[in-house]
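Visitor: Input: one structure, supplied below.
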Amino acid sequence: MTTTADTPQTPEATAPSQGKPGGGLRGRLDSLPKPVRWAVLALLVAGAYLLPYAADVPVLGPQLVTEGIDWASALFNVSYFVLLALGLNVVVGFAGLLDLGYVGFYAVGAYTVALLASGDSVFGTKWTWLATIPIAIAIALFSGLILGWPTLRLRGDYLAIVTLGFAEIIRITADSTPDFLRGDQGFTGIPHPPGTFSDGTPVFGVRDATPYFWLGVTIIIIVVLALRNLERSRVGRSWLAIREDEEAAEVMGVRTVKYKLWAFAIGACVGGLGGVLFAGQNGFVNSAMFQLQLSILVLAGVVMGGSGNMAGAILGGALISYIPDRLRGTQILDRDAYEYRYLLFGVIIILIMIFRPQGLIPSRRRALELKDRAREVAPQ
Amino acid sequence: MSEPHTESTEWDDETSRQRVDEPIPTTIGVPHERSSAGAGPAPVPGGAALLEVDNVTLRFGGVTALDGVSFTIRQGEIFGLIGPNGAGKTTCFNAMTGIYRPTDGEIRFTGKRVTGLRKYEITSMGIARTFQNIRLFPEMTALENVMVGADAHHKTSVLGALFRLPRHRREEAQGREKSLRLLEFVGIRHRAGHVARNLSYGEQRRLEIARALATDPKLLCLDEPAAGFNPAEKEDLLQLIRRVRDTGVTVLLIEHDMRLVMGVTDRIAVLEFGRKIAEGTPAEVRDDPKVIAAYLGVPADAA
């Protein structure tokens, strides 16, 4: 119990989870002074916005750009997968609730837009895309609560099964209500986001996906800022505490029911936002777009990137979309390499679990933990 | 995010919390300065009943873990709960903090019924505890661990955090400052930025006490806090427990180590096989033949 002089590390350790400049990108980034860190972040953001022009970069550009699919469309796909990964990371990474039915919220977002804005809808409201956003978010949030409430007592495998059922219920409901959610037939003519150039052509057209990608990046930035505020607050601490030891958390005064529901609701909002974005670009929504594999894929992305860490979730979400798109147009054994994507992800995930179980960009605390473990092993 | 929902949860917050109108204590180290300054809810006069365990019985299937146990902890004292292994001490603790619900009987805290309340409600009433087998949040830093406890009395939630409203920022800053002061109080301030799992065993025990104190308890329940300590560490712990009491917090101590218990407690209740067999001052308990027979077996000073 004596706190004697044998532990004099970091006397001014006031910042929470201050990472000591260790190895790796993150350690190096953290060791930089604040203005430099901001500059690096600003460069990253600017780089993200400039990605559609990557093909113009000599040497590297052509390697990066997808061949089998229009580069801007591939980037747009990346953007909504990143949104999905960010949202799922709240549920799985922060609060530690295993959710296999995350695509359900994505479907809720997309279908809300379709029902309110498409001419095919029974409602016939034909709202603009923009007007549907608040309703879509509210309904996604509500669906998060609907899923969260009955599953509050469940954990781990049991929770995973129930959430998996939730996503399937939404898809099957869509399939079996041809008049309402229109199953395979789907909704056509969903309006694009608003805005026209001075010459009268719409900003968000059919041919070029670049503006949609920029819109996606902008939404991602807003979501990241919002989630960051939550992560660094009582809310984020409560989520972590629930993840670490739910009973101890409640004994320490954490309202576990409330914060678990919030995790579901906020994750659902972000997923719904992904659906809104997708519907606005694609213009068409049907039940075949919300297959179970999509949930698994997004979860794989979160785990691959680094569960519990937003940078990791962003990277993971981007990779699960980019890798298959990049493979399109390449032939392996007389088949398009795209067809092997699930095989490839299987292998990648196994490799990551073996060599880097904390994910590509682990959360700082995980990294610290693993570093310390390594130090314990190494003789001093 | 939807307005009505948030409002309703915020509202829940206020109803379940008693001390909503009080400012967040910013002077720490002294979690109970508030009551000594007379600003708290009608302070119970010294020696008045704080926690009453009234004829509590707890059965698990055919096993009776607690059988009609009654005792009263008075404001400002250090109360010891002792007994041989399996006597029901921790079960009693768990019943008090809402982890188990008594089969029969009632537990009252400051005159209000505790049985049947949710764990966080009991916490906000003013009962805090540590665990026999340390249960920190291992991946969170020491500071964050304590801040979770401090959050128990904060009012802002998702909306406040999302938009970084002034009240949220104020509570964050105060919570952090309070937590740092509590870390200082238990002597591990220099470890604030370290992940809890990397703290030494003794530091983890201290961190648990700091985390519990951060919830502003009136009663702090320590479940075998000295388990695994050497004599010097036990002596330090003893000092710490006394300092906690001196800040106005009543302490309930479950402990095996007789010297520690005899040295620090004002009164002791002895459990054996789920029944209370004795209660009194350390000297009285020490000389009680039933206690000697049942628990000590040998004179206390040989333990």
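Order determines the names: the first chain of the structure tokens is A, the second B, and so forth; residues in each chain are numbered 1 upward, and ligands are numbered 1 upward as they are shown.
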Pull the alpha helix (DSSP H) assignments for segment 230-288 of chain B out of DSSP run on the backbone, and list those residues as a PyMOL selection string.

Guide: chain B and resi 231-246+258-264+282-287

Visitor: Can you tell me, as a list in words, what residues are no more than 8 Å from Val186 of chain B when counting only C-alpha atoms, ignoring any on the same chain fewer than 2 positions away?

Guide: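 Final neighbour list, sorted by chain and number: Leu182, Leu183, Glu184, Ile188, Arg189, Arg206, Leu207, Ile209, Ala210 and Leu240 of chain B.
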
Visitor: In Å to one decimal, how far is atom CA of Arg232 of chain A from atom CA of Glu171 of chain B?

Guide: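 Atom CA of Arg232 of chain A lies 12.7 Å from atom CA of Glu171 of chain B.
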
Visitor: Please determine, counting only C-alpha atoms, which residue among A:Val203, A:Ala174, A:Val223, A:Ala337 has the shortest atom-to-atom distance to chain B.

Guide: A:Val223

Visitor: Could you check which of A:Leu86, A:Ala167, A:Val254, A:Ile352 is closest to Tyr120 of chain B, using only C-alpha atoms?

Guide: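 Once distances to Tyr120 of chain B are computed over only C-alpha atoms, the minimum belongs to A:Val254.
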
Visitor: Which residues of chain B are close to chain A, meaning at most 8 Å apart when you count only C-alpha atoms, and how do they look as an MDAnalysis selection string?

Guide: chainID B and resid 1:2 9 97 119:121 123:124 128:129 135:141 143:144 148:149 151:152 157:158 161:164 172 180 187:188 190:195 198 201:203 206 211:212 215 229 232:234 236:237

Visitor: Just write the chosen residues, C-alpha atoms, as a tab-separated table (two decimals), in the first residue's frame.

Guide:
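Output contents, as saved in part36.tsv:
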chain	number	residue	atom	x	y	z
B	1	MET	CA	-31.41	13.52	-31.61
B	2	SER	CA	-35.00	13.41	-30.54
B	9	THR	CA	-34.31	10.78	-19.29
B	97	THR	CA	-25.86	-2.33	-2.03
B	119	LYS	CA	-28.05	-0.22	-7.47
B	120	TYR	CA	-27.44	3.27	-8.84
B	121	GLU	CA	-30.31	4.63	-6.74
B	123	THR	CA	-25.44	4.80	-4.71
B	124	SER	CA	-27.02	8.19	-5.14
B	128	ALA	CA	-20.65	3.36	-1.78
B	129	ARG	CA	-18.63	0.20	-1.72
B	135	ARG	CA	-13.49	-4.71	-9.66
B	136	LEU	CA	-12.10	-1.64	-11.31
B	137	PHE	CA	-12.59	-0.78	-14.96
B	138	PRO	CA	-9.26	-2.23	-16.04
B	139	GLU	CA	-8.93	-0.54	-19.42
B	140	MET	CA	-9.75	2.91	-18.12
B	141	THR	CA	-7.20	5.18	-16.52
B	143	LEU	CA	-8.52	9.20	-13.27
B	144	GLU	CA	-11.33	7.95	-15.51
B	148	VAL	CA	-17.11	7.45	-13.27
B	149	GLY	CA	-17.83	7.61	-9.56
B	151	ASP	CA	-20.41	11.26	-12.56
B	152	ALA	CA	-22.96	9.67	-10.24
B	157	SER	CA	-26.03	13.60	-20.21
B	158	VAL	CA	-26.02	13.01	-23.94
B	161	ALA	CA	-21.96	16.29	-23.96
B	162	LEU	CA	-22.94	16.41	-27.62
B	163	PHE	CA	-23.09	20.19	-27.75
B	164	ARG	CA	-20.58	20.78	-24.97
B	172	GLU	CA	-16.48	17.79	-16.43
B	180	LEU	CA	-7.62	14.26	-8.93
B	187	GLY	CA	-2.03	8.68	-2.36
B	188	ILE	CA	-1.95	7.65	-6.01
B	190	HIS	CA	0.97	10.26	-9.70
B	191	ARG	CA	-0.79	7.31	-11.32
B	192	ALA	CA	-3.77	9.30	-12.62
B	193	GLY	CA	-2.97	8.78	-16.27
B	194	HIS	CA	-2.25	5.09	-16.02
B	195	VAL	CA	-4.62	2.36	-17.04
B	198	ASN	CA	-1.30	-1.56	-14.74
B	201	TYR	CA	-2.28	-4.40	-6.23
B	202	GLY	CA	-2.11	-1.90	-3.41
B	203	GLU	CA	-2.71	1.00	-5.76
B	206	ARG	CA	-6.65	2.54	-3.08
B	211	ARG	CA	-13.71	5.71	-6.90
B	212	ALA	CA	-16.19	4.89	-4.15
B	215	THR	CA	-19.84	9.16	-5.37
B	229	PHE	CA	-1.45	-6.72	2.33
B	232	ALA	CA	3.19	-2.02	6.64
B	233	GLU	CA	0.54	-1.73	3.95
B	234	LYS	CA	-2.13	-2.62	6.49
B	236	ASP	CA	-1.18	2.61	5.81
B	237	LEU	CA	-4.67	1.40	5.08

Visitor: Mind giving me the straight-line distance from atom CA of Ser287 of chain A to atom CA of Arg171 of chain A in Å, one decimal?

Guide: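 Rounded to one decimal, the two atoms are 5.7 Å apart.
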
Visitor: How far is it from atom CA of Glu279 of chain B to atom CA of Ile122 of chain B, in Å with one decimal?

Guide: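 Between atom CA of Glu279 of chain B and atom CA of Ile122 of chain B the gap is 25.4 Å.
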
Visitor: For Asp246 of chain B, which residue among B:Gly98, B:Pro289, B:Gly76, B:Gly228 is the nearest when counting only C-alpha atoms?

Guide: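 Closest candidate: B:Gly76.
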
Visitor: Name the residues in contact with Pro282 of chain B at a cut-off of 10 Å, using only C-alpha atoms, excluding same-chain residues fewer than 2 positions from it; report them as a PyMOL selection string.

Guide: chain B and resi 79-80+258+261-269+279-280+284-288

Visitor: Emit the selected residues as a short mmCIF file (atom, residue, chain, number, x, y, z; two decimals), in the first residue's frame, including C-alpha atoms.

Guide:
data_model
loop_
_atom_site.label_atom_id
_atom_site.label_comp_id
_atom_site.auth_asym_id
_atom_site.auth_seq_id
_atom_site.Cartn_x
_atom_site.Cartn_y
_atom_site.Cartn_z
CA PHE B 79 -18.26 -0.30 12.08
CA GLY B 80 -16.71 -3.73 11.66
CA MET B 258 -8.33 -9.11 13.63
CA VAL B 261 -10.42 -4.63 12.88
CA MET B 262 -9.69 -4.27 16.58
CA GLY B 263 -7.42 -1.33 15.94
CA VAL B 264 -9.68 0.81 13.88
CA THR B 265 -13.35 0.04 14.53
CA ASP B 266 -15.64 1.62 17.06
CA ARG B 267 -18.12 -1.21 17.12
CA ILE B 268 -18.23 -4.70 15.66
CA ALA B 269 -20.91 -7.19 14.71
CA GLU B 279 -22.20 -7.04 18.73
CA GLY B 280 -20.32 -4.43 20.69
CA GLU B 284 -16.52 -6.55 24.37
CA VAL B 285 -16.41 -8.68 21.26
CA ARG B 286 -12.92 -9.83 21.98
CA ASP B 287 -13.96 -11.14 25.37
CA ASP B 288 -17.21 -12.68 24.23
#

Visitor: Report as a PyMOL selection string: the residues of segment 17-192 of chain B with a DSSP assignment of strand (DSSP E), based on the backbone of this structure.

Guide: chain B and resi 49-60+63-74+78-82+104-109+112-113+127-129

Visitor: Residues at most 9 Å from Ser321 of chain A, counting only C-alpha atoms, excluding those fewer than 2 positions away in the same chain, as a PyMOL selection string?

Guide: chain A and resi 74-75+77-79+81-82+301+316-319+323-326

Visitor: Please list as a PyMOL selection string every residue within 12 Å of Tyr340 of chain A, counting only C-alpha atoms and excluding residues in the same chain fewer than 3 positions away.

Guide: chain A and resi 323-325+327-328+330-337+343-347

Visitor: Residues of the last selection are to be written out with all heavy atoms, as a compact mmCIF listing (two decimals), in the first residue's frame.

Guide:
# COMPACT_ATOMS: atom_id res chain seq x y z
N ILE A 323 -11.48 -2.45 -50.69
CA ILE A 323 -10.78 -3.65 -51.18
C ILE A 323 -11.59 -4.39 -52.25
O ILE A 323 -11.07 -4.65 -53.34
CB ILE A 323 -10.38 -4.58 -50.01
CG1 ILE A 323 -9.32 -3.90 -49.16
CG2 ILE A 323 -9.85 -5.91 -50.52
CD1 ILE A 323 -8.93 -4.67 -47.92
N PRO A 324 -12.86 -4.71 -51.99
CA PRO A 324 -13.61 -5.41 -53.04
C PRO A 324 -13.74 -4.58 -54.32
O PRO A 324 -13.59 -5.12 -55.43
CB PRO A 324 -14.99 -5.63 -52.42
CG PRO A 324 -14.82 -5.45 -50.99
CD PRO A 324 -13.66 -4.55 -50.78
N ASP A 325 -13.95 -3.27 -54.16
CA ASP A 325 -14.08 -2.43 -55.34
C ASP A 325 -12.78 -2.37 -56.13
O ASP A 325 -12.78 -2.34 -57.37
CB ASP A 325 -14.51 -1.01 -54.95
CG ASP A 325 -16.01 -0.92 -54.67
OD1 ASP A 325 -16.71 -1.89 -55.06
OD2 ASP A 325 -16.45 0.07 -54.08
N LEU A 327 -10.70 -4.72 -56.30
CA LEU A 327 -10.48 -6.03 -56.92
C LEU A 327 -11.29 -6.20 -58.21
O LEU A 327 -10.95 -7.03 -59.04
CB LEU A 327 -10.86 -7.16 -55.94
CG LEU A 327 -9.94 -7.32 -54.73
CD1 LEU A 327 -10.50 -8.37 -53.80
CD2 LEU A 327 -8.54 -7.69 -55.18
N ARG A 328 -12.36 -5.45 -58.32
CA ARG A 328 -13.18 -5.57 -59.53
C ARG A 328 -12.33 -5.36 -60.77
O ARG A 328 -11.49 -4.47 -60.81
CB ARG A 328 -14.29 -4.52 -59.53
CG ARG A 328 -15.50 -4.87 -58.72
CD ARG A 328 -16.48 -3.73 -58.85
NE ARG A 328 -17.24 -3.55 -57.63
CZ ARG A 328 -18.50 -4.01 -57.49
NH1 ARG A 328 -19.08 -4.65 -58.47
NH2 ARG A 328 -19.14 -3.83 -56.37
N THR A 330 -10.16 -7.29 -61.99
CA THR A 330 -8.95 -8.11 -62.02
C THR A 330 -9.40 -9.58 -62.10
O THR A 330 -10.31 -9.98 -61.38
CB THR A 330 -8.14 -7.92 -60.73
OG1 THR A 330 -8.05 -6.53 -60.47
CG2 THR A 330 -6.75 -8.50 -60.88
N GLN A 331 -8.77 -10.33 -62.99
CA GLN A 331 -9.19 -11.71 -63.16
C GLN A 331 -8.30 -12.64 -62.34
O GLN A 331 -7.09 -12.55 -62.38
CB GLN A 331 -9.09 -12.12 -64.64
CG GLN A 331 -10.08 -11.39 -65.53
CD GLN A 331 -11.51 -11.83 -65.29
OE1 GLN A 331 -11.79 -13.02 -65.22
NE2 GLN A 331 -12.42 -10.88 -65.15
N ILE A 332 -8.93 -13.51 -61.57
CA ILE A 332 -8.20 -14.59 -60.90
C ILE A 332 -8.93 -15.88 -61.24
O ILE A 332 -10.13 -16.01 -61.00
CB ILE A 332 -8.18 -14.40 -59.36
CG1 ILE A 332 -7.50 -13.08 -59.01
CG2 ILE A 332 -7.45 -15.55 -58.70
CD1 ILE A 332 -7.49 -12.79 -57.52
N LEU A 333 -8.24 -16.85 -61.81
CA LEU A 333 -8.84 -18.15 -62.15
C LEU A 333 -10.15 -17.98 -62.91
O LEU A 333 -11.18 -18.55 -62.55
CB LEU A 333 -9.08 -18.98 -60.88
CG LEU A 333 -7.88 -19.34 -60.03
CD1 LEU A 333 -8.31 -20.05 -58.76
CD2 LEU A 333 -6.91 -20.22 -60.81
N ASP A 334 -10.11 -17.16 -63.94
CA ASP A 334 -11.27 -16.94 -64.79
C ASP A 334 -12.46 -16.28 -64.11
O ASP A 334 -13.57 -16.31 -64.61
CB ASP A 334 -11.77 -18.28 -65.41
CG ASP A 334 -10.73 -18.83 -66.37
OD1 ASP A 334 -9.96 -18.00 -66.89
OD2 ASP A 334 -10.70 -20.04 -66.56
N ARG A 335 -12.25 -15.78 -62.94
CA ARG A 335 -13.35 -15.09 -62.29
C ARG A 335 -12.89 -13.69 -61.91
O ARG A 335 -11.70 -13.49 -61.66
CB ARG A 335 -13.76 -15.82 -61.01
CG ARG A 335 -14.71 -16.96 -61.22
CD ARG A 335 -14.71 -17.79 -59.94
NE ARG A 335 -15.69 -18.85 -60.01
CZ ARG A 335 -16.98 -18.68 -59.70
NH1 ARG A 335 -17.41 -17.51 -59.28
NH2 ARG A 335 -17.82 -19.69 -59.79
N ASP A 336 -13.86 -12.80 -61.79
CA ASP A 336 -13.53 -11.48 -61.31
C ASP A 336 -13.08 -11.60 -59.86
O ASP A 336 -13.73 -12.28 -59.05
CB ASP A 336 -14.76 -10.59 -61.41
CG ASP A 336 -14.40 -9.12 -61.28
OD1 ASP A 336 -13.77 -8.75 -60.26
OD2 ASP A 336 -14.73 -8.35 -62.19
N ALA A 337 -11.98 -10.95 -59.53
CA ALA A 337 -11.42 -11.07 -58.17
C ALA A 337 -12.44 -10.63 -57.12
O ALA A 337 -12.40 -11.07 -55.98
CB ALA A 337 -10.16 -10.23 -58.06
N LEU A 343 -13.92 -14.58 -49.13
CA LEU A 343 -12.77 -15.44 -48.85
C LEU A 343 -11.60 -14.59 -48.38
O LEU A 343 -10.96 -14.87 -47.35
CB LEU A 343 -12.39 -16.21 -50.11
CG LEU A 343 -11.14 -17.07 -50.00
CD1 LEU A 343 -11.39 -18.25 -49.08
CD2 LEU A 343 -10.71 -17.56 -51.38
N LEU A 344 -11.39 -13.51 -49.12
CA LEU A 344 -10.27 -12.64 -48.80
C LEU A 344 -10.42 -12.04 -47.41
O LEU A 344 -9.47 -12.02 -46.61
CB LEU A 344 -10.18 -11.54 -49.86
CG LEU A 344 -8.99 -10.60 -49.71
CD1 LEU A 344 -7.71 -11.32 -50.10
CD2 LEU A 344 -9.18 -9.38 -50.58
N PHE A 345 -11.64 -11.56 -47.11
CA PHE A 345 -11.85 -10.97 -45.78
C PHE A 345 -11.63 -12.00 -44.69
O PHE A 345 -11.08 -11.70 -43.63
CB PHE A 345 -13.25 -10.38 -45.67
CG PHE A 345 -13.36 -9.05 -46.32
CD1 PHE A 345 -14.35 -8.79 -47.24
CD2 PHE A 345 -12.45 -8.06 -46.03
CE1 PHE A 345 -14.44 -7.56 -47.84
CE2 PHE A 345 -12.53 -6.83 -46.64
CZ PHE A 345 -13.53 -6.58 -47.55
N GLY A 346 -12.08 -13.22 -44.94
CA GLY A 346 -11.87 -14.29 -43.97
C GLY A 346 -10.40 -14.43 -43.66
O GLY A 346 -9.99 -14.44 -42.48
N VAL A 347 -9.62 -14.50 -44.71
CA VAL A 347 -8.18 -14.67 -44.51
C VAL A 347 -7.59 -13.46 -43.79
O VAL A 347 -6.83 -13.60 -42.83
CB VAL A 347 -7.48 -14.89 -45.88
CG1 VAL A 347 -5.97 -14.91 -45.69
CG2 VAL A 347 -7.96 -16.17 -46.53
